[in-house]
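Q: File data20.csv follows (CSV, C-alpha atoms):
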```csv
chain,number,residue,atom,x,y,z
A,1,MET,CA,270.7,2.7,70.3
A,2,LYS,CA,272.3,-0.6,71.1
A,3,PRO,CA,273.6,-1.3,74.6
A,4,SER,CA,277.4,-1.4,74.7
A,5,LEU,CA,279.2,-4.5,76.0
A,6,ASN,CA,280.3,-2.5,79.1
A,7,HIS,CA,276.7,-1.4,79.8
A,8,THR,CA,275.4,-4.9,79.3
A,9,ILE,CA,278.0,-6.3,81.8
A,10,ILE,CA,277.2,-3.6,84.4
A,11,ALA,CA,273.5,-4.0,83.9
A,12,ALA,CA,273.7,-7.8,84.1
A,13,GLY,CA,275.8,-7.6,87.3
A,14,MET,CA,273.2,-5.3,88.9
A,15,ALA,CA,270.3,-7.4,87.7
A,16,ALA,CA,272.0,-10.5,89.1
A,17,ALA,CA,272.5,-8.8,92.4
A,18,LEU,CA,268.8,-7.7,92.4
A,19,ALA,CA,267.6,-11.1,91.4
A,20,ALA,CA,269.6,-12.7,94.2
A,21,CYS,CA,267.6,-10.6,96.7
A,22,SER,CA,264.4,-10.1,94.7
A,23,PRO,CA,261.3,-8.7,96.4
A,24,GLY,CA,259.6,-12.1,96.4
A,25,ASP,CA,262.4,-14.0,98.2
A,26,ARG,CA,261.8,-15.6,101.6
A,27,THR,CA,263.9,-15.4,104.7
A,28,GLY,CA,267.4,-16.8,104.3
A,29,GLN,CA,267.6,-16.0,100.6
A,30,ALA,CA,268.2,-12.3,101.2
A,31,PRO,CA,271.1,-11.7,103.7
A,32,GLY,CA,269.9,-10.0,106.9
A,33,GLY,CA,266.4,-11.4,106.7
A,34,TYR,CA,265.1,-9.0,104.0
A,35,ALA,CA,262.1,-10.0,102.0
A,36,GLY,CA,261.4,-7.0,99.7
A,37,SER,CA,258.4,-4.8,99.5
A,38,ALA,CA,256.5,-7.1,97.1
A,39,ALA,CA,256.4,-9.7,99.9
A,40,CYS,CA,255.0,-7.1,102.3
A,41,LEU,CA,252.3,-6.1,99.7
A,42,ALA,CA,251.0,-9.7,99.6
A,43,CYS,CA,249.1,-8.8,102.7
A,44,HIS,CA,249.3,-5.0,103.0
A,45,ALA,CA,248.1,-4.2,99.5
A,46,LYS,CA,244.6,-4.9,100.6
A,47,ARG,CA,244.9,-4.3,104.4
A,48,ASP,CA,246.5,-0.8,103.9
A,49,ALA,CA,245.5,0.0,100.3
A,50,GLU,CA,245.6,3.8,100.6
A,51,LEU,CA,248.9,3.8,102.4
A,52,VAL,CA,250.4,1.5,99.8
A,53,ARG,CA,249.0,3.6,96.9
A,54,CYS,CA,250.6,6.8,98.5
A,55,TRP,CA,254.0,5.1,99.0
A,56,GLN,CA,254.0,3.8,95.4
A,57,ALA,CA,253.6,7.4,94.2
A,58,SER,CA,256.2,8.8,96.5
A,59,ARG,CA,259.8,9.9,95.9
A,60,HIS,CA,260.9,7.3,98.3
A,61,HIS,CA,259.6,4.5,96.1
A,62,LYS,CA,260.9,6.1,92.9
A,63,THR,CA,264.2,7.3,94.1
A,64,LEU,CA,266.3,4.7,92.1
A,65,THR,CA,265.9,3.0,88.8
A,66,ILE,CA,268.2,0.2,87.7
A,67,LEU,CA,268.6,0.7,84.0
A,68,ARG,CA,267.8,-2.0,81.5
A,69,ASP,CA,270.0,-0.8,78.7
A,70,ALA,CA,271.6,2.3,77.1
A,71,GLU,CA,268.4,3.0,75.1
A,72,GLN,CA,266.4,3.5,78.3
A,73,ALA,CA,269.1,5.6,79.7
A,74,ALA,CA,269.1,7.9,76.7
A,75,HIS,CA,265.4,8.1,75.8
A,76,GLU,CA,263.7,7.8,79.1
A,77,PHE,CA,266.2,9.7,81.3
A,78,GLY,CA,267.9,11.9,78.7
A,79,LEU,CA,271.5,10.8,79.5
A,80,PRO,CA,274.2,12.0,77.1
A,81,PRO,CA,275.6,9.2,74.8
A,82,HIS,CA,278.7,8.3,76.8
A,83,GLU,CA,276.9,8.2,80.2
A,84,ALA,CA,274.0,6.3,78.6
A,85,ARG,CA,276.4,3.6,77.6
A,86,GLU,CA,278.2,3.5,81.0
A,87,ALA,CA,275.4,4.2,83.6
A,88,PHE,CA,273.8,1.3,85.6
A,89,ALA,CA,271.2,3.3,87.5
A,90,VAL,CA,269.5,6.7,87.8
A,91,ILE,CA,268.5,8.5,91.0
A,92,GLY,CA,265.2,10.5,90.6
A,93,SER,CA,262.2,10.2,88.3
A,94,ALA,CA,260.7,12.1,85.4
A,95,GLY,CA,259.9,15.7,86.3
A,96,GLY,CA,262.4,15.9,89.1
A,97,PRO,CA,266.2,15.9,89.6
A,98,ARG,CA,268.0,13.0,87.9
A,99,VAL,CA,271.5,11.8,88.6
A,100,ALA,CA,273.1,9.0,86.6
A,101,LEU,CA,275.3,6.5,88.4
A,102,GLY,CA,278.2,4.7,86.7
A,103,ARG,CA,280.9,2.3,87.9
A,104,ASP,CA,283.3,5.2,88.5
A,105,PHE,CA,281.2,8.4,87.9
A,106,ILE,CA,278.2,10.4,88.9
A,107,VAL,CA,276.7,12.8,86.4
A,108,ILE,CA,273.8,15.3,86.6
A,109,ALA,CA,271.3,14.2,84.0
A,110,SER,CA,268.6,16.7,84.8
A,111,LEU,CA,268.2,19.7,87.1
A,112,GLY,CA,264.5,19.2,87.7
A,113,TRP,CA,265.3,20.3,91.3
A,114,GLN,CA,265.7,23.9,90.3
A,115,ASP,CA,262.4,24.8,91.9
A,116,GLU,CA,263.0,28.0,93.8
A,117,ASP,CA,259.8,27.4,95.9
A,118,MET,CA,261.3,24.2,97.2
A,119,PHE,CA,265.1,24.5,97.4
A,120,GLY,CA,266.0,28.1,97.1
A,121,PRO,CA,268.3,29.6,94.4
A,122,PRO,CA,269.1,27.2,91.5
A,123,HIS,CA,272.1,25.0,92.1
A,124,GLU,CA,275.3,26.2,90.5
A,125,VAL,CA,276.0,22.8,88.8
A,126,LEU,CA,274.8,22.3,85.2
A,127,THR,CA,273.2,19.4,83.5
A,128,GLY,CA,276.1,17.2,82.3
A,129,THR,CA,278.3,18.1,85.2
A,130,ALA,CA,280.2,14.9,86.1
A,131,TRP,CA,282.3,13.7,89.0
A,132,ARG,CA,284.6,11.0,88.0
A,133,GLY,CA,286.8,8.6,90.0
A,134,ILE,CA,283.9,8.1,92.4
A,135,ASP,CA,282.4,4.7,93.3
A,136,ALA,CA,278.8,5.6,92.7
A,137,ALA,CA,277.5,2.4,94.4
A,138,GLU,CA,279.3,3.0,97.6
A,139,SER,CA,278.4,6.7,97.5
A,140,CYS,CA,274.7,6.5,96.8
A,141,LEU,CA,273.1,3.1,97.1
A,142,GLY,CA,273.1,3.1,100.9
A,143,CYS,CA,270.3,5.6,101.0
A,144,HIS,CA,268.7,5.3,97.5
A,145,SER,CA,268.0,1.6,97.9
A,146,THR,CA,266.8,-0.9,100.5
A,147,GLY,CA,269.1,-3.4,102.2
A,148,TYR,CA,272.2,-2.4,100.4
A,149,SER,CA,275.1,-4.7,101.4
A,150,VAL,CA,278.5,-3.0,101.0
A,151,SER,CA,280.1,-6.5,101.4
A,152,ARG,CA,278.1,-8.0,98.5
A,153,ARG,CA,277.6,-4.7,96.6
A,154,ALA,CA,274.0,-5.7,96.2
A,155,VAL,CA,270.6,-4.3,97.1
A,156,VAL,CA,267.4,-6.0,98.1
A,157,GLU,CA,265.4,-3.6,96.1
A,158,ALA,CA,265.8,-0.3,94.3
A,159,GLY,CA,264.3,2.7,96.1
A,160,VAL,CA,263.2,3.2,99.7
A,161,GLY,CA,261.0,0.2,100.4
A,162,CYS,CA,259.1,-1.0,103.4
A,163,GLU,CA,262.1,-2.5,105.1
A,164,ALA,CA,264.2,0.7,105.0
A,165,CYS,CA,262.0,2.1,107.8
A,166,HIS,CA,260.4,-1.0,109.3
A,167,GLY,CA,263.5,-3.3,109.2
A,168,PRO,CA,263.9,-6.7,107.6
A,169,GLY,CA,260.5,-8.4,107.3
A,170,GLY,CA,261.5,-12.0,106.5
A,171,ARG,CA,260.9,-13.4,110.0
A,172,HIS,CA,257.6,-11.4,110.2
A,173,ILE,CA,256.4,-12.9,107.0
A,174,ASP,CA,257.4,-16.5,107.9
A,175,SER,CA,256.0,-16.3,111.4
A,176,ALA,CA,252.6,-17.6,112.2
A,177,ALA,CA,250.1,-14.8,111.6
A,178,GLY,CA,252.9,-12.3,111.6
A,179,THR,CA,253.6,-12.8,115.3
A,180,CYS,CA,257.2,-11.7,114.8
A,181,GLU,CA,256.7,-8.0,114.5
A,182,THR,CA,258.6,-5.6,112.3
A,183,VAL,CA,259.7,-2.2,113.6
A,184,ASN,CA,257.0,0.5,113.9
A,185,PRO,CA,258.8,3.9,114.1
A,186,ALA,CA,255.7,5.4,115.8
A,187,ARG,CA,256.3,3.1,118.7
A,188,LEU,CA,260.0,3.9,119.1
A,189,ASP,CA,261.1,6.6,121.6
A,190,LEU,CA,261.6,10.1,120.1
A,191,HIS,CA,265.3,9.8,119.4
A,192,ARG,CA,265.3,6.3,117.9
A,193,ALA,CA,262.3,7.2,115.8
A,194,ASN,CA,264.1,10.3,114.3
A,195,MET,CA,267.2,8.1,113.7
A,196,VAL,CA,265.1,6.0,111.3
A,197,CYS,CA,264.9,9.2,109.1
A,198,GLY,CA,268.4,10.2,110.1
A,199,GLN,CA,270.0,7.1,108.6
A,200,CYS,CA,269.7,8.9,105.2
A,201,HIS,CA,268.7,12.5,105.9
A,202,SER,CA,272.0,13.4,107.4
A,203,GLN,CA,275.6,14.2,106.5
A,204,GLY,CA,278.5,12.2,108.0
A,205,ILE,CA,280.5,9.0,107.7
A,206,ASP,CA,280.2,5.4,109.0
A,207,LYS,CA,282.6,4.1,111.7
A,208,THR,CA,284.9,2.5,109.2
A,209,GLY,CA,285.4,6.0,107.7
A,210,LYS,CA,284.5,4.9,104.2
A,211,TYR,CA,280.8,5.2,103.6
A,212,PRO,CA,278.5,8.3,103.7
A,213,PHE,CA,275.8,6.3,105.3
A,214,PRO,CA,275.6,4.0,108.4
A,215,VAL,CA,277.0,0.5,108.1
A,216,LYS,CA,276.4,-2.1,110.8
A,217,PRO,CA,279.3,-4.6,111.4
A,218,THR,CA,278.3,-8.2,112.0
A,219,GLU,CA,280.3,-11.4,112.2
A,220,GLN,CA,279.4,-12.3,108.6
A,221,ALA,CA,279.5,-8.9,106.8
A,222,LEU,CA,278.9,-5.2,106.9
A,223,MET,CA,275.1,-4.8,106.9
A,224,PRO,CA,272.7,-1.9,106.6
A,225,PHE,CA,271.5,0.1,109.6
A,226,ILE,CA,268.5,-1.5,111.1
A,227,PRO,CA,265.6,0.8,112.2
A,228,GLY,CA,265.4,0.9,116.0
A,229,ASP,CA,269.2,0.7,116.5
A,230,ASP,CA,271.3,3.5,117.9
A,231,LEU,CA,272.4,5.4,114.8
A,232,ALA,CA,275.3,7.0,116.6
A,233,ALA,CA,276.8,3.5,117.1
A,234,TYR,CA,277.4,3.1,113.4
A,235,PHE,CA,277.5,6.7,112.1
A,236,THR,CA,279.4,9.9,113.0
A,237,ASP,CA,277.4,12.9,112.1
A,238,ALA,CA,279.4,15.7,110.5
A,239,ALA,CA,277.4,18.4,112.2
A,240,PRO,CA,277.3,20.6,109.0
A,241,MET,CA,277.2,24.3,109.7
A,242,ARG,CA,275.4,25.2,106.5
A,243,ASN,CA,272.1,24.0,105.0
A,244,GLY,CA,272.1,21.1,102.5
A,245,GLN,CA,269.4,19.1,100.9
A,246,GLY,CA,269.1,15.8,102.8
A,247,TRP,CA,270.8,17.0,105.9
A,248,GLU,CA,267.7,17.7,107.9
A,249,TYR,CA,268.5,15.2,110.7
A,250,SER,CA,272.0,16.6,111.1
A,251,LEU,CA,270.6,20.1,111.6
A,252,LEU,CA,267.8,18.9,113.9
A,253,ILE,CA,270.1,17.2,116.4
A,254,GLN,CA,272.3,20.3,116.5
A,255,ALA,CA,269.3,22.3,117.6
A,256,ALA,CA,268.0,19.6,120.0
A,257,GLU,CA,267.2,22.0,122.8
A,258,ARG,CA,265.2,24.3,120.5
A,259,TYR,CA,263.3,21.4,118.9
A,260,ALA,CA,263.1,19.1,122.0
A,261,GLY,CA,260.2,16.7,121.6
A,262,GLN,CA,259.8,17.1,117.9
A,263,ARG,CA,259.5,14.1,115.7
A,264,CYS,CA,260.2,14.1,112.0
A,265,THR,CA,256.8,12.6,111.5
A,266,ASP,CA,255.1,15.4,113.3
A,267,CYS,CA,255.3,17.3,110.0
A,268,HIS,CA,256.2,14.6,107.4
A,269,ASP,CA,254.4,11.5,106.2
A,270,SER,CA,257.1,9.0,105.2
A,271,HIS,CA,254.5,7.1,103.1
A,272,ASN,CA,253.7,10.3,101.2
A,273,LYS,CA,250.5,12.3,100.8
A,274,PRO,CA,249.7,12.9,97.2
A,275,GLY,CA,249.6,16.6,96.2
A,276,THR,CA,252.1,17.7,98.9
A,277,THR,CA,255.7,18.8,98.7
A,278,ALA,CA,258.5,17.4,100.8
A,279,MET,CA,256.1,14.7,101.9
A,280,LEU,CA,254.4,17.1,104.3
A,281,LYS,CA,251.3,16.0,106.1
A,282,ASP,CA,249.6,19.2,105.1
A,283,PRO,CA,250.9,21.6,102.4
A,284,THR,CA,249.2,24.6,103.9
A,285,SER,CA,250.4,26.9,106.7
A,286,GLU,CA,248.0,25.3,109.1
A,287,LEU,CA,250.5,22.5,109.6
A,288,CYS,CA,253.1,25.1,110.8
A,289,LEU,CA,250.6,26.9,112.9
A,290,THR,CA,250.0,23.9,115.1
A,291,CYS,CA,253.2,24.9,116.8
A,292,HIS,CA,253.8,28.4,115.5
A,293,GLY,CA,250.2,29.7,115.9
A,294,ILE,CA,250.4,30.9,119.4
A,295,GLY,CA,250.5,34.6,120.5
A,296,ASN,CA,252.9,36.8,118.7
A,297,GLN,CA,253.7,34.2,116.1
A,298,ARG,CA,250.1,34.0,115.1
A,299,LEU,CA,250.0,37.8,114.8
A,300,LEU,CA,253.2,37.7,112.7
A,301,PHE,CA,251.6,35.2,110.3
A,302,GLU,CA,248.4,37.2,110.0
A,303,ASN,CA,250.2,40.5,109.4
A,304,HIS,CA,253.3,39.1,107.6
A,305,TRP,CA,255.8,41.8,106.7
A,306,GLY,CA,253.2,44.5,107.4
A,307,LEU,CA,251.0,43.3,104.5
A,308,GLY,CA,247.9,43.6,106.7
A,309,ASN,CA,246.6,40.1,105.9
A,310,ALA,CA,247.8,36.5,105.8
A,311,ILE,CA,250.3,35.7,103.1
A,312,GLU,CA,249.2,33.7,100.2
A,313,LYS,CA,252.1,31.3,100.1
A,314,PRO,CA,252.4,28.6,102.7
A,315,CYS,CA,255.2,29.0,105.3
A,316,TRP,CA,257.4,26.3,103.9
A,317,GLN,CA,257.8,27.9,100.5
A,318,CYS,CA,260.1,30.5,102.1
A,319,HIS,CA,261.2,28.9,105.4
A,320,ARG,CA,262.1,25.4,104.1
A,321,ASN,CA,265.3,26.8,102.7
A,322,THR,CA,266.6,27.2,106.2
A,323,HIS,CA,266.4,23.4,106.7
A,324,SER,CA,266.1,24.2,110.4
A,325,HIS,CA,263.5,21.5,111.1
```
Show the structure stored in the file as structure tokens.

A:
Amino acid sequence: MKPSLNHTIIAAGMAAALAACSPGDRTGQAPGGYAGSAACLACHAKRDAELVRCWQASRHHKTLTILRDAEQAAHEFGLPPHEAREAFAVIGSAGGPRVALGRDFIVIASLGWQDEDMFGPPHEVLTGTAWRGIDAAESCLGCHSTGYSVSRRAVVEAGVGCEACHGPGGRHIDSAAGTCETVNPARLDLHRANMVCGQCHSQGIDKTGKYPFPVKPTEQALMPFIPGDDLAAYFTDAAPMRNGQGWEYSLLIQAAERYAGQRCTDCHDSHNKPGTTAMLKDPTSELCLTCHGIGNQRLLFENHWGLGNAIEKPCWQCHRNTHSH
């Protein structure tokens, strides 16, 4: 399949945007001081080899692919002919949910997410379902890429890279021996640490009323949310009353009294742990029992639904559907 002229133009535009802020660029070349994960790996690939290996295998890292051409779109991601010609990117990877993004459409390419153990009953949308008249870049790239600039309509890199959670790293890389530190969410206070996850795992609108992700106004341009900032200053949470995939932070802050003191990273490893689901630190019920293993709750687990013994499935396979924490 030959790429259409339209696809070539779109792909070239995205490639140019990516090239302008490529992972190897130094401070000043990528607006906002971003350097890209490849620049981080120049040191951390050896220093933190296991952590890097886990992140590279994660859904965070693989969440967005910028398409080379229509052939890749059709053969690698299974897009229908029209969408294959028009799409510039795909959210998701092989074996999971895949959503194709076009200049003015979003289309379901694969419902790999219909795993009842993870997300409850199958979604009612079908493969091939499309939403047209939607600016896919403005709707999706703020969370499925790193350093997306709405002013430039460009990303620093596809996927959730190092700087999505640790902030722009250019100054750190250029400083002597890394003396200019990046953001370490583990050192932030509880609320600011959870906001790092909440910049994407929430439902709401930015303060301009246009984007479904936080946007930080500066004198030069509208820039991405920077980890460590107050998310509420740039984003109004919609406080959804029902469960939704990716809305975990919104639901968490609504139940702040119930889950006081709980960090997202108490249960989740943002760098990923191979072999786990939902980036959990431990895929077994022992993780849940660190909090829910006291007194009557322990007895409930051991005699679940009157079965007389501990259930075989881990807690999350049933309870994750509530998205309560």

Q: Let me make sure I understand: among A:Ile108, A:Leu190, A:Gly33, A:Ala45, which one has the smallest atom-to-atom distance to Gln262 (chain A) if we use only C-alpha atoms?

A: A:Leu190

Q: Would you mind telling me which residue in A:Trp131, A:Gly161, A:Ala70, A:Gly142 lies nearest to Ser270 (chain A) when using all atoms listed in the file?

A: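 Smallest distance to Ser270 (chain A) is found for A:Gly161.
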
Q: Return the single residue from A:Ala238, A:Ala221, A:Ala233, A:Ala35 that is closest to His166 (chain A), with distances computed using all atoms listed in the file.

A: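 Closest residue, counting all atoms listed in the file: A:Ala35.
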
Q: Mind giving me the straight-line distance from CA of Phe213 (chain A) to CA of Leu51 (chain A) in Å, one decimal?

A: 27.2 Å

Q: For a test of reading the model, state the distance in Å between CA of Thr218 (chain A) and CA of Ile66 (chain A), rounded to one decimal.

A: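 Going from CA of Thr218 (chain A) over to CA of Ile66 (chain A), I get 27.6 Å.
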
Q: Counting all atoms listed in the file, which residues of region 117-204 of chain A sit at most 8 Å from some atom of region 78-102 of chain A, and what is each one's closest atom pair with its distance in Å to one decimal, listed by chain and rising residue number, as JSON lines?

A:
```
{"residue": "A:Gly128", "atom": "CA", "partner": "A:Pro80", "partner_atom": "CA", "distance": 7.6}
{"residue": "A:Asp135", "atom": "CA", "partner": "A:Gly102", "partner_atom": "CA", "distance": 7.8}
{"residue": "A:Ala136", "atom": "CA", "partner": "A:Leu101", "partner_atom": "CA", "distance": 5.6}
{"residue": "A:Ala137", "atom": "CA", "partner": "A:Leu101", "partner_atom": "CA", "distance": 7.6}
{"residue": "A:His144", "atom": "CA", "partner": "A:Ile91", "partner_atom": "CA", "distance": 7.2}
```

Q: Tell me, in Å to one decimal, how far CA of Glu163 (chain A) is from CA of Leu188 (chain A).

A: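 Atom-to-atom, CA of Glu163 (chain A) to CA of Leu188 (chain A), that is 15.5 Å.
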
Q: Taking all atoms listed in the file into account, which of A:Asp206, A:Cys43, A:Lys313, A:Asp266 comes nearest Ala177 (chain A)?

A: A:Cys43

Q: Distance cut-off 10 Å, centre (274.9, 11.1, 111.4) in file coordinates, counting all atoms listed in the file: which residues qualify? Return them as a list in words.

A: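 Residues with an atom close enough to that point: Met195, Gly198, Gln199, Cys200, His201, Ser202, Gln203, Gly204, Ile205, Asp206, Pro212, Phe213, Pro214, Leu231, Ala232, Ala233, Tyr234, Phe235, Thr236, Asp237, Ala238, Ala239, Trp247, Tyr249, Ser250, Leu251 and Ile253 of chain A.
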
Q: Write out as JSON, numbers by chain which residues come within 12 Å of Tyr148 (chain A) when counting all atoms listed in the file, dropping same-chain ones fewer than 6 positions away.

A: {"A": [14, 17, 18, 21, 30, 31, 32, 34, 36, 137, 138, 139, 140, 141, 142, 154, 155, 156, 157, 158, 159, 160, 161, 163, 164, 168, 211, 213, 214, 215, 216, 221, 222, 223, 224, 225, 226]}

Q: Give me the residues within 10 Å of region 272-280 of chain A as a list in words, counting all atoms listed in the file and dropping any in the same chain fewer than 2 places off.

A: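 Here the answer would be Glu50, Leu51, Val52, Arg53, Cys54, Trp55, Gln56, Ala57, Ser58, Arg59, His60, His61, Asp117, Met118, Thr265, Asp266, Cys267, His268, Asp269, Ser270, Asp282, Pro283, Thr284, Leu287, Trp316, Gln317 and Arg320 of chain A.
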
Q: Which of these residues is nearest to Arg153 (chain A), using all atoms listed in the file: A:Gly261, A:Gln254, A:Ile294, A:Arg103?

A: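 Comparing A:Gly261, A:Gln254, A:Ile294, A:Arg103 against Arg153 (chain A), the winner is A:Arg103.
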
Q: Find the residues near Asp230 (chain A): any atom within 10 Å, counting all atoms listed in the file, skip ones fewer than 6 places away on the same chain, and give them as a list in words.

A: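 The neighbour list is His191, Arg192, Ala193, Met195 and Val196 of chain A.
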